[in-house]
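upload-v7.txt follows; it contains compact mmCIF, C-alpha atoms.
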# COMPACT_ATOMS: atom_id res chain seq x y z
CA MET A 9 77.55 245.50 80.03
CA THR A 10 76.93 244.89 76.31
CA LYS A 11 77.57 241.32 75.23
CA PRO A 12 80.10 240.79 72.42
CA PRO A 13 78.51 239.90 69.07
CA ILE A 14 77.93 236.29 68.08
CA ARG A 15 80.75 235.28 65.75
CA LEU A 16 79.36 233.53 62.65
CA LEU A 17 81.15 231.49 59.98
CA VAL A 18 79.14 230.97 56.76
CA VAL A 19 79.91 227.77 54.80
CA ASP A 20 78.35 227.29 51.35
CA ASP A 21 79.83 226.46 47.94
CA SER A 22 77.61 229.12 46.33
CA ALA A 23 79.05 232.63 46.50
CA TYR A 24 75.51 233.91 45.93
CA ASN A 25 74.23 232.07 49.01
CA ARG A 26 77.21 233.11 51.13
CA ARG A 27 76.52 236.74 50.31
CA ASN A 28 72.78 236.49 50.98
CA ILE A 29 73.25 234.70 54.30
CA ALA A 30 75.79 237.31 55.39
CA ASP A 31 73.39 240.05 54.32
CA VAL A 32 70.78 238.69 56.76
CA PHE A 33 72.93 240.04 59.61
CA ALA A 34 74.01 243.33 58.03
CA THR A 35 71.65 245.34 60.24
CA TYR A 36 72.03 243.19 63.37
CA PRO A 37 75.02 244.24 65.51
CA GLU A 38 74.37 241.16 67.69
CA VAL A 39 75.98 239.02 64.97
CA GLU A 40 79.35 239.47 63.28
CA VAL A 41 80.12 237.42 60.16
CA VAL A 42 83.80 236.63 60.78
CA GLY A 43 84.39 234.42 57.75
CA LYS A 44 83.02 232.64 54.69
CA ALA A 45 84.09 229.26 53.28
CA ALA A 46 83.28 227.51 50.01
CA ASP A 47 83.99 223.91 51.10
CA GLY A 48 84.64 221.78 54.15
CA GLU A 49 88.44 222.00 53.99
CA GLU A 50 88.40 225.79 53.99
CA ALA A 51 85.72 225.76 56.70
CA LEU A 52 87.85 223.59 59.00
CA ARG A 53 90.82 225.90 58.55
CA LEU A 54 88.73 229.01 59.26
CA ALA A 55 86.96 227.38 62.22
CA SER A 56 90.32 226.61 63.80
CA LEU A 57 91.65 230.11 63.09
CA LEU A 58 88.58 232.22 63.87
CA LYS A 59 86.90 230.19 66.66
CA PRO A 60 83.33 231.11 65.60
CA ASP A 61 80.42 230.84 68.04
CA VAL A 62 78.17 229.30 65.37
CA ILE A 63 78.42 228.03 61.79
CA THR A 64 75.82 227.91 59.02
CA LEU A 65 76.50 224.92 56.79
CA ASP A 66 75.51 223.73 53.34
CA LEU A 67 75.87 219.93 53.11
CA GLU A 68 76.60 219.46 49.41
CA MET A 69 80.03 220.93 48.69
CA PRO A 70 83.10 220.00 46.61
CA ARG A 71 86.40 218.70 48.04
CA MET A 72 84.99 218.03 51.52
CA ASP A 73 81.23 217.70 52.01
CA GLY A 74 79.24 218.80 55.03
CA PHE A 75 79.11 215.35 56.64
CA THR A 76 82.89 214.92 56.68
CA PHE A 77 83.26 218.48 57.93
CA LEU A 78 80.81 217.80 60.79
CA ARG A 79 82.56 214.59 61.85
CA ILE A 80 85.95 216.29 62.04
CA LEU A 81 84.66 219.52 63.58
CA MET A 82 82.77 217.77 66.38
CA SER A 83 85.77 215.62 67.26
CA ARG A 84 88.23 218.54 67.27
CA GLN A 85 86.27 221.65 68.15
CA PRO A 86 82.58 221.14 69.03
CA THR A 87 80.71 224.17 67.68
CA PRO A 88 76.99 224.83 67.16
CA VAL A 89 76.13 224.24 63.49
CA ILE A 90 72.92 225.33 61.73
CA VAL A 91 72.39 223.32 58.54
CA VAL A 92 70.85 225.27 55.64
CA SER A 93 69.50 222.62 53.28
CA SER A 94 66.84 222.25 50.60
CA TYR A 95 63.50 220.48 51.13
CA SER A 96 64.68 217.70 48.82
CA GLN A 97 67.51 216.72 51.20
CA LYS A 98 65.44 215.52 54.17
CA GLU A 99 67.53 212.40 54.84
CA ASN A 100 70.73 214.44 54.69
CA VAL A 101 69.39 216.88 57.26
CA PHE A 102 68.78 214.11 59.78
CA LYS A 103 72.17 212.55 59.09
CA ALA A 104 73.69 215.93 59.90
CA LEU A 105 71.69 216.22 63.12
CA GLU A 106 72.90 212.77 64.15
CA LEU A 107 76.46 213.92 63.51
CA GLY A 108 76.04 216.81 65.92
CA ALA A 109 74.42 219.69 64.02
CA LEU A 110 72.29 221.78 66.37
CA ASP A 111 69.36 222.58 64.08
CA PHE A 112 68.40 223.21 60.46
CA VAL A 113 66.70 225.69 58.20
CA ALA A 114 64.95 224.36 55.09
CA LYS A 115 65.24 226.37 51.89
CA PRO A 116 62.75 225.84 49.04
CA ALA A 117 65.42 226.00 46.32
CA ALA A 118 69.19 225.69 45.90
CA GLN A 119 69.61 229.48 45.82
CA ILE A 120 68.65 231.71 48.74
CA SER A 121 66.78 234.69 47.37
CA PRO A 122 67.21 238.10 49.00
CA ASP A 123 63.39 238.27 48.91
CA ALA A 124 62.93 235.06 50.92
CA THR A 125 61.87 236.93 54.06
CA ASP A 126 60.62 233.92 56.02
CA LEU A 127 63.79 231.92 55.33
CA ARG A 128 66.02 234.84 56.28
CA GLU A 129 64.09 235.31 59.53
CA GLN A 130 64.52 231.62 60.35
CA ILE A 131 68.28 231.81 59.78
CA LEU A 132 68.47 234.86 62.04
CA GLU A 133 66.39 233.18 64.76
CA LYS A 134 68.50 230.02 64.74
CA VAL A 135 71.79 231.92 64.90
CA LEU A 136 70.57 234.16 67.74
CA LEU A 137 69.56 230.97 69.58
CA VAL A 138 73.25 230.42 70.34
CA ARG A 139 72.87 232.87 73.22
CA GLN A 140 70.58 230.36 74.96
CA LEU A 141 72.77 227.29 74.62
CA ARG A 142 74.43 225.80 77.65
CA SER A 143 77.92 227.22 77.98
CA ASN A 144 79.72 223.90 77.55
CA PHE A 145 78.12 223.00 74.21
CA THR A 146 78.88 219.47 73.07
CA PRO A 147 77.10 217.36 70.45
CA PRO A 148 74.72 214.72 71.82
CA PRO A 149 76.23 211.39 72.93
CA MET A 150 75.02 209.59 69.79
CA SER A 151 76.89 212.08 67.64
CA ARG A 152 80.09 211.69 69.60
CA ARG A 153 80.00 207.95 68.91
CA GLN A 154 79.54 208.55 65.21
CA VAL A 155 82.43 210.97 64.72
CA SER A 156 84.89 208.12 65.29
CA GLY A 157 84.61 206.78 61.77
CA HIS A 158 81.40 205.36 60.31
CA PHE A 159 78.10 207.12 60.08
CA GLY A 160 75.86 204.42 61.53
CA PHE A 161 72.82 206.32 60.33
CA GLU A 162 70.54 203.35 60.03
CA SER A 163 69.49 201.61 63.17
CA LYS A 164 72.01 199.40 64.92
CA THR A 165 69.15 198.15 67.02
CA ALA A 166 69.54 195.38 69.56
CA PHE A 167 66.37 193.84 68.14
CA PRO A 168 67.41 192.57 64.69
CA ASP A 169 64.11 190.78 64.12
CA SER A 170 61.96 193.52 65.61
CA ALA A 171 60.33 194.54 62.31
CA SER A 172 58.82 191.11 61.68
CA MET A 173 57.94 190.63 65.34
CA ARG A 174 56.21 194.01 65.47
CA ALA A 175 54.24 193.28 62.30
CA ALA A 176 52.92 190.07 63.83
CA SER A 177 51.89 191.70 67.14
CA PRO A 178 48.15 192.12 67.80
CA TYR A 179 46.79 195.48 68.93
CA LEU A 180 47.14 195.92 72.68
CA ALA A 181 46.13 198.99 74.68
CA PRO A 182 49.13 200.73 76.25
CA LYS A 183 49.57 200.57 80.00
CA HIS A 184 51.10 204.05 79.89
CA VAL A 185 51.05 206.82 77.32
CA ILE A 186 54.26 208.83 77.06
CA ALA A 187 53.72 212.33 75.64
CA ILE A 188 56.96 214.06 74.67
CA ALA A 189 57.51 217.77 74.00
CA SER A 190 60.73 218.85 72.26
CA SER A 191 62.19 221.52 70.02
CA THR A 192 65.81 222.56 69.36
CA GLY A 193 68.07 219.58 70.04
CA GLY A 194 65.04 217.30 70.20
CA PRO A 195 65.67 215.00 67.21
CA SER A 196 68.89 213.56 68.65
CA ALA A 197 67.34 213.29 72.12
CA LEU A 198 64.30 211.45 70.73
CA LEU A 199 66.50 209.06 68.77
CA GLU A 200 68.29 208.16 71.99
CA ILE A 201 65.03 207.57 73.85
CA PHE A 202 63.43 205.48 71.10
CA GLY A 203 66.60 203.44 70.79
CA LYS A 204 66.36 202.35 74.44
CA ILE A 205 62.78 201.04 74.37
CA SER A 206 62.60 197.27 73.96
CA LEU A 207 59.98 194.82 72.73
CA THR A 208 58.97 194.13 76.34
CA ALA A 209 57.78 197.70 76.89
CA THR A 210 54.05 198.32 77.34
CA ALA A 211 53.78 202.04 76.61
CA GLY A 212 52.61 204.02 73.59
CA ILE A 213 54.39 207.25 72.65
CA VAL A 214 53.19 210.52 71.10
CA VAL A 215 55.59 213.31 70.15
CA ALA A 216 55.19 217.02 69.50
CA GLN A 217 58.52 218.06 67.96
CA HIS A 218 58.73 221.57 66.55
CA MET A 219 59.74 220.86 62.95
CA PRO A 220 58.73 221.94 59.40
CA ASP A 221 55.89 219.93 57.90
CA LYS A 222 57.90 218.43 55.05
CA PHE A 223 60.34 216.79 57.51
CA THR A 224 58.19 215.11 60.17
CA ARG A 225 57.41 212.00 58.10
CA THR A 226 61.10 211.38 57.38
CA PHE A 227 61.92 211.93 61.04
CA ALA A 228 59.24 209.44 62.13
CA GLU A 229 60.75 206.88 59.76
CA ARG A 230 64.15 207.36 61.41
CA LEU A 231 62.62 206.85 64.84
CA ASP A 232 60.92 203.69 63.56
CA LYS A 233 64.29 202.28 62.52
CA ARG A 234 65.87 203.12 65.86
CA GLY A 235 64.30 200.37 67.97
CA ALA A 236 61.18 198.47 68.92
CA VAL A 237 58.48 201.16 68.72
CA ARG A 238 56.35 201.13 65.52
CA THR A 239 56.60 204.81 64.72
CA THR A 240 54.90 206.83 61.98
CA GLU A 241 53.83 210.36 61.25
CA ALA A 242 50.34 210.51 62.76
CA VAL A 243 47.20 210.33 60.63
CA ASP A 244 43.78 211.26 61.94
CA GLY A 245 42.12 208.15 63.43
CA ASP A 246 45.30 206.17 64.18
CA ARG A 247 45.02 203.75 67.12
CA LEU A 248 47.52 204.33 69.91
CA GLY A 249 48.56 200.96 71.26
CA LYS A 250 51.39 199.25 73.05
CA LEU A 251 54.74 199.87 71.34
CA THR A 252 53.25 202.32 68.85
CA GLY A 253 54.61 205.82 68.38
CA PHE A 254 53.26 208.84 66.53
CA VAL A 255 54.96 212.08 65.54
CA CYS A 256 52.69 215.09 65.09
CA PRO A 257 52.84 216.33 61.48
CA GLY A 258 54.37 219.76 61.04
CA ARG A 259 51.89 222.66 60.79
CA HIS A 260 49.26 220.54 62.56
CA CYS A 261 48.20 219.84 66.13
CA MET A 262 47.65 216.35 67.52
CA GLU A 263 45.50 215.07 70.36
CA VAL A 264 44.78 211.70 72.00
CA HIS A 265 41.14 210.77 72.68
CA VAL A 266 39.24 207.79 74.11
CA HIS A 267 37.25 205.98 71.40
CA GLY A 268 35.31 203.12 72.97
CA VAL A 269 37.95 200.89 74.53
CA GLU A 270 40.72 202.29 72.33
CA LEU A 271 42.89 205.37 72.32
CA ARG A 272 42.77 207.24 69.01
CA ILE A 273 44.83 210.04 67.50
CA ARG A 274 43.17 213.22 66.26
CA VAL A 275 45.23 215.27 63.78
CA GLY A 276 44.50 218.54 62.05
CA ALA A 277 42.00 220.01 64.48
CA PRO A 278 41.64 223.78 63.96
CA LYS A 279 44.18 226.02 65.63
CA LEU A 280 42.80 227.16 68.97
CA PRO A 281 43.35 230.58 70.56
CA ASP A 282 45.57 228.97 73.21
CA ASP A 283 47.85 227.31 70.62
CA ARG A 284 50.97 229.48 70.79
CA TYR A 285 52.96 226.88 68.88
CA VAL A 286 52.06 224.51 66.06
CA PRO A 287 52.60 221.62 66.70
CA SER A 288 51.42 222.41 70.23
CA ALA A 289 52.96 220.32 73.00
CA ASP A 290 50.59 221.90 75.52
CA ARG A 291 47.58 220.73 73.53
CA LEU A 292 48.95 217.21 73.10
CA LEU A 293 49.86 216.78 76.76
CA LYS A 294 46.50 218.17 77.94
CA SER A 295 44.68 215.65 75.77
CA VAL A 296 46.79 212.79 77.15
CA ALA A 297 46.04 213.94 80.69
CA ALA A 298 42.29 213.91 79.95
CA ALA A 299 42.36 210.54 78.17
CA CYS A 300 44.80 208.63 80.36
CA GLY A 301 44.83 210.18 83.84
CA ALA A 302 47.34 208.43 86.09
CA ARG A 303 48.61 206.39 83.13
CA ALA A 304 49.96 209.55 81.48
CA VAL A 305 53.68 210.34 81.46
CA GLY A 306 54.72 213.79 80.24
CA VAL A 307 58.30 214.38 79.16
CA ILE A 308 59.71 217.83 78.37
CA LEU A 309 62.99 217.75 76.49
CA THR A 310 65.35 220.40 75.19
CA GLY A 311 63.91 223.39 73.34
CA MET A 312 63.26 227.13 73.25
CA GLY A 313 60.30 228.77 74.95
CA ASP A 314 57.86 227.18 77.36
CA ASP A 315 55.64 224.94 75.22
CA GLY A 316 54.50 221.93 77.24
CA VAL A 317 54.39 223.57 80.68
CA GLU A 318 50.61 223.85 80.91
CA GLY A 319 50.17 220.40 79.39
CA ALA A 320 52.60 218.98 81.95
CA ARG A 321 50.62 220.69 84.71
CA ALA A 322 47.46 218.97 83.44
CA ILE A 323 49.19 215.57 83.51
CA ARG A 324 50.40 216.09 87.05
CA ASP A 325 46.95 217.29 88.19
CA ALA A 326 45.45 214.14 86.64
CA GLY A 327 47.73 211.94 88.74
CA GLY A 328 50.30 211.24 86.04
CA LEU A 329 54.07 211.61 86.06
CA VAL A 330 56.05 214.52 84.60
CA ILE A 331 59.75 214.32 83.75
CA ALA A 332 61.90 217.24 82.60
CA GLU A 333 65.35 216.99 81.03
CA SER A 334 67.99 218.48 83.30
CA GLN A 335 70.16 221.45 82.39
CA GLU A 336 73.12 219.06 82.40
CA THR A 337 72.11 217.57 79.02
CA ALA A 338 69.46 219.89 77.55
CA VAL A 339 70.97 221.70 74.57
CA VAL A 340 68.52 224.54 75.27
CA PHE A 341 67.03 224.57 78.77
CA GLY A 342 64.09 226.80 77.81
CA MET A 343 61.19 224.33 77.75
CA PRO A 344 62.33 222.01 80.57
CA GLY A 345 63.59 225.00 82.57
CA ALA A 346 60.18 226.68 82.39
CA ALA A 347 58.55 223.51 83.76
CA VAL A 348 61.13 223.23 86.54
CA ARG A 349 60.67 226.89 87.54
CA ALA A 350 56.92 226.25 87.71
CA GLY A 351 57.55 223.35 90.11
CA ILE A 352 55.72 220.82 87.93
CA PRO A 353 58.04 217.82 87.21
CA GLN A 354 58.31 215.06 89.79
CA LYS A 355 61.60 214.04 88.17
CA VAL A 356 64.37 216.15 86.59
CA LEU A 357 66.84 213.81 84.91
CA PRO A 358 69.66 213.90 82.35
CA LEU A 359 68.68 212.52 78.96
CA GLY A 360 70.30 209.10 79.41
CA GLU A 361 68.41 208.49 82.65
CA ILE A 362 65.13 209.60 81.06
CA ALA A 363 65.66 207.08 78.27
CA GLU A 364 66.45 204.31 80.76
CA TYR A 365 63.45 205.16 82.95
CA LEU A 366 60.99 205.22 80.03
CA ALA A 367 62.39 201.89 78.83
CA THR A 368 61.20 200.28 82.08
CA LEU A 369 57.56 201.37 81.74

What does this structure look like when you write it as structure tokens?
Amino acid sequence: MTKPPIRLLVVDDSAYNRRNIADVFATYPEVEVVGKAADGEEALRLASLLKPDVITLDLEMPRMDGFTFLRILMSRQPTPVIVVSSYSQKENVFKALELGALDFVAKPAAQISPDATDLREQILEKVLLVRQLRSNFTPPPMSRRQVSGHFGFESKTAFPDSASMRAASPYLAPKHVIAIASSTGGPSALLEIFGKISLTATAGIVVAQHMPDKFTRTFAERLDKRGAVRTTEAVDGDRLGKLTGFVCPGRHCMEVHVHGVELRIRVGAPKLPDDRYVPSADRLLKSVAAACGARAVGVILTGMGDDGVEGARAIRDAGGLVIAESQETAVVFGMPGAAVRAGIPQKVLPLGEIAEYLATL
């Protein structure tokens, strides 16, 4: 039986953008544009009336901006939201993700050109992704806390003096290396995990999050503010030590290698034939398996596709531990589901339990 089309509400204060976004789906019967709104107030009214399956959202709008709209929408009527924002609004994108937006598409300029083929394809891909979401979509727990009133975007960490304490800490080799693979829904999941890790932890963390290259540095900065782990966008030659974290730069691949008695990060190695994704979680996890053996911990979080499965297999074969996020909390069960179907993870846990487990390493 043919599935009904995905019902899309387009929210943007620019009539030009609204028209061009709607035009993306003109030849795709899988998607029906059921409404268009020019500001958050109109969008809330139409969302309540039309019950869309997904919403594309511009953040900067008159009368009611995208942040206020997201807070109210997620408290009243949780709905998948794809933010369409310019490269210059990186911080705003992550604020929106923390408020419950599902994903984002970055546009190079304020206006969406009909000739912007790559951007239009990304919007189409993200909207069609709604088919793969768990049926009871809800924003991540962090977002539900934030809809109650204040944004709380900057870290409310339990370690108020952690920045100065971290700066004074000498380099120490990690007892474990946690390699995390994530895609759609990953930013909020990673923020929860990093927020749970305390100054007593002994692990180092490396992350392959599928994300555009102009956003990974800003995302690493947000992770750094979340808790005790000193987190940055990785640079070739970085030392991976206790309580250090590195996010793979967008459009690059990252590996971990043994360098004398240290673990070092390698960034920007040429794309290999086996690299189906860039950043490649498989490549990162395989390198951690080779460098760390039984000290390696592979974690596969929410995301489309199956990136990370072969890397997780390498970690398990090397004597390490593999954890997959359960379908209960994974926004998209593609990546963790592929690992589970392959019989690789020793543990399949909801996100909160993954965060608590990693905090004890």

What are the centre and the three edge lengths of an axis-aligned box that wraps all atoms of segment 332-349 of chain A in the file, given that 5 Å is added to every side, written as lines of an AutoDock Vina configuration file and rounded to one decimal in Å?
center_x = 65.8
center_y = 221.9
center_z = 81.1
size_x = 24.6
size_y = 19.9
size_z = 23.0

Atomic distance atom CA of Ala242 of chain A - atom CA of Val214 of chain A, expressed in Å with one decimal: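 So the answer is 8.8 Å.
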
Who sits within 9 Å of Glu263 of chain A, all atoms listed in the file, same chain under 5 positions skipped, as a PyMOL selection string: chain A and resi 214+256+272-275+277+291-296

Atomic distance atom CA of Leu251 of chain A - atom CA of Asp111 of chain A, expressed in Å with one decimal: 28.0 Å

Polymer residues at most 12 Å from segment 54-63 of chain A, all atoms listed in the file, same-chain spacing of 3 or more positions, as a PyMOL selection string: chain A and resi 12-20+26+29-30+38-51+66+74+77-78+80-82+84-92+109-112+131-132+134-139+141+143-145

Ser334 of chain A surroundings by only C-alpha atoms, 8 Å radius, close-in-sequence under 3 positions cut, as a PyMOL selection string: chain A and resi 337-338+341+344-345+356-359

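With atom CA of Asp31 of chain A on one side and atom CA of Ala114 of chain A on the other, the separation reads 17.8 Å.
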
Nearest-residue call for Phe227 of chain A, choices A:Glu129, A:Glu333, A:Asp246, A:Glu241, using all atoms listed in the file: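 Closest to Phe227 of chain A of all the choices is A:Glu241.
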
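Proximity of A:Asp21, A:Asp315, A:Asp282, A:Glu99 to Gly342 of chain A, computed with all atoms listed in the file, is greatest for A:Asp315.
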
A:Thr10, A:Gly319, A:Met343, A:Glu361 ranked by distance to Gly306 of chain A, top pick (using all atoms listed in the file): A:Gly319

Neighbour list for Tyr285 of chain A as a ChimeraX atom specification, cut-off 9 Å, all atoms listed in the file, skip fewer than 4 positions in-chain: /A:218,261,289-290,315

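Among the candidates A:Leu107, A:Leu65, A:Val32, A:Ile362, the residue lying nearest to Glu200 of chain A is A:Ile362 (atoms considered: all atoms listed in the file).
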
Sphere at (53.2, 202.6, 77.2), radius 6 Å, counting all atoms listed in the file: residues as a list in words: Pro182, Lys183, His184, Val185, Thr210, Ala211, Gly212 and Lys250 of chain A

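Distances to Cys300 of chain A were evaluated for A:Gly316, A:Gly276, A:Gly327, A:Gly360 using all atoms listed in the file, and the minimum falls at A:Gly327.
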
Distance query 8 Å from (66.4, 207.3, 76.7) using all atoms listed in the file, result as a ChimeraX atom specification: /A:197-198,200-205,359-367

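Minimum atom-to-atom distances from A:Leu105, A:Ile352, A:Ala189, A:Ala181 to Gly268 of chain A were compared using all atoms listed in the file, and the lowest value belongs to A:Ala181.
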